[in-house]
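Written below as structure tokens is the structure these notes are about.
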Amino acid sequence: MSYEWKAEYRVLARQFLQQHFGGTSGLTSTFLCMRDDYPWGDHRPDVVDSRIPAKNNTEYHGLERYANQYHATAQYEFAYQHWFMAAYWRTVDAESNNFLDATHSKAVEYCLKQAQYNKSLAEWQDHPVGPAPEPEKFNLSSGDLGKKELLAFAQLEAAQAKWS
């Protein structure tokens with residue numbers, strides 16, 4: 001199974017952005033970023049305005065947080081869509097800021113693995129024949145996913161407590 005970003009994915013990612021956030025402006029206004037600076041150090045001297053990748057970072061991490069929360073609550077279709085949007089947002093960020101290194105590529109691949117895993121879970125959820133798909137079949141770790149689920153539940157409980 002391939003976990004590389006493909007140009008044709010852009011159309012689907014934009015559809016998901018429209019569906020969940022009303023487009024890119026809805027996404028950017030959902031995940032606010034109050035940082036004025038990002039500590040790039042000497043390894044990113046070509047970044048002209050560090051506020052831009054800092055904001056992008058806040059947005060794709062926000063999408064990933066939502067994806068984990070949807071996964072933890074067995075809303076696998078939404079988890080798939082959010083992981084897919086996160087892969088897209090990371091790809092656009094890497095392209096526009098010239099972050100074409102292996103670390104950024106691996107992060108996009110991770111998002112795509114998560115997306116495919118959750119898509120498979122959503123399909124299984126709709127037609128539960130046989131055992132549920134296992135994360136290892138998507139080169140993911142059950143232990144890592146378990147930790148992410150616990151964190152997602154803690155985040156949801158904290159939000160519920162805040163609004164109660």
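Just so we're on the same page: first chain in the structure tokens is A, next is B, and so on; residues restart at 1 for each chain, and ligands are numbered from 1 in the order they show up.
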- [ ] Considering only C-alpha atoms, return as an MDAnalysis selection string whatever protein or nucleic-acid residues lie within 8 Å of A:Tyr9, sequence-local ones (same chain, fewer than 4 positions apart) excluded.
- [x] chainID A and resid 5 13 88
TODO: For A:Thr24, work out the shell of residues within 12 Å, counting only C-alpha atoms and skipping chain neighbours fewer than 4 positions away, then give it as a list in words.
DONE: Ala13, Arg14, Gln15, Phe16, Leu17, Gln18, Gln19, His20, Thr28, Ser29, Thr30, Phe31, Asn56, Glu59, Tyr60, Met85, Tyr88, Trp89 and Val92 of chain A
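Here the question is which of A:Leu63, A:Ala132, A:Ile52, A:Leu32 gets nearest to A:Phe84 using only C-alpha atoms, and that residue is A:Leu63.
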Task: Residues near A:Ala86, cut-off 10 Å, only C-alpha atoms, skip fewer than 6 positions along chain, as a ChimeraX atom specification - done: /A:13,59-67,80,92,107-108,110-112,115
Given the selection you just returned, output its residues as a file containing C-alpha atoms, formatted as a PDB file, in the first residue's frame.
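New file part.pdb:
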```pdb
ATOM      1  CA  ALA A  13      -8.943  17.184   0.475  1.00  0.00           C
ATOM      2  CA  GLU A  59      -3.684  24.118  11.874  1.00  0.00           C
ATOM      3  CA  TYR A  60      -2.406  20.690  10.880  1.00  0.00           C
ATOM      4  CA  HIS A  61      -1.842  19.720  14.493  1.00  0.00           C
ATOM      5  CA  GLY A  62      -5.423  20.824  15.159  1.00  0.00           C
ATOM      6  CA  LEU A  63      -6.674  18.608  12.336  1.00  0.00           C
ATOM      7  CA  GLU A  64      -4.676  15.703  13.753  1.00  0.00           C
ATOM      8  CA  ARG A  65      -6.085  16.333  17.242  1.00  0.00           C
ATOM      9  CA  TYR A  66      -9.626  16.275  15.849  1.00  0.00           C
ATOM     10  CA  ALA A  67      -8.808  13.124  13.866  1.00  0.00           C
ATOM     11  CA  TYR A  80     -10.295   9.444   7.946  1.00  0.00           C
ATOM     12  CA  VAL A  92       0.868  22.482   1.148  1.00  0.00           C
ATOM     13  CA  ALA A 107       4.743  13.219   8.696  1.00  0.00           C
ATOM     14  CA  VAL A 108       2.612  13.293   5.526  1.00  0.00           C
ATOM     15  CA  TYR A 110       1.938   9.053   8.805  1.00  0.00           C
ATOM     16  CA  CYS A 111      -1.213  11.090   8.189  1.00  0.00           C
ATOM     17  CA  LEU A 112      -1.982   9.005   5.094  1.00  0.00           C
ATOM     18  CA  ALA A 115      -6.314   8.088   6.989  1.00  0.00           C
TER      19      ALA A 115
END
```
- [ ] Pick out the residues sitting within 12 Å of A:Asp126, and hand them over as a list in words; count only C-alpha atoms, and ignore anything fewer than 6 positions along from it in its own chain.
- [x] Ala74, Gln75, Tyr76, Glu77, Lys119, Ser120 and Ala132 of chain A
Open item on the list: Restricting the calculation to only C-alpha atoms: of A:Pro128, A:Trp163, A:Ala102, A:Gln114, which residue gets closest to A:Ser142?
Closed with: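 For A:Ser142, the nearest of the given residues is A:Gln114.
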Task: Shell around A:Asn139 at 10 Å using only C-alpha atoms, local window under 5 positions removed, as a PyMOL selection string - done: chain A and resi 1+3+110+113-114+117+134
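With only C-alpha atoms taken into account, the protein and nucleic acid residues at most 9 Å from stretch 147-151 of chain A (excluding it and anything under 6 positions from it in its own chain) are A:Asn68, A:Gln69, A:His71, A:Ala72, A:Thr73.
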Task: Nearest-residue call for A:Arg90, choices A:Ser141, A:Arg10, A:Gly146, A:Ser2, using only C-alpha atoms - done: A:Arg10
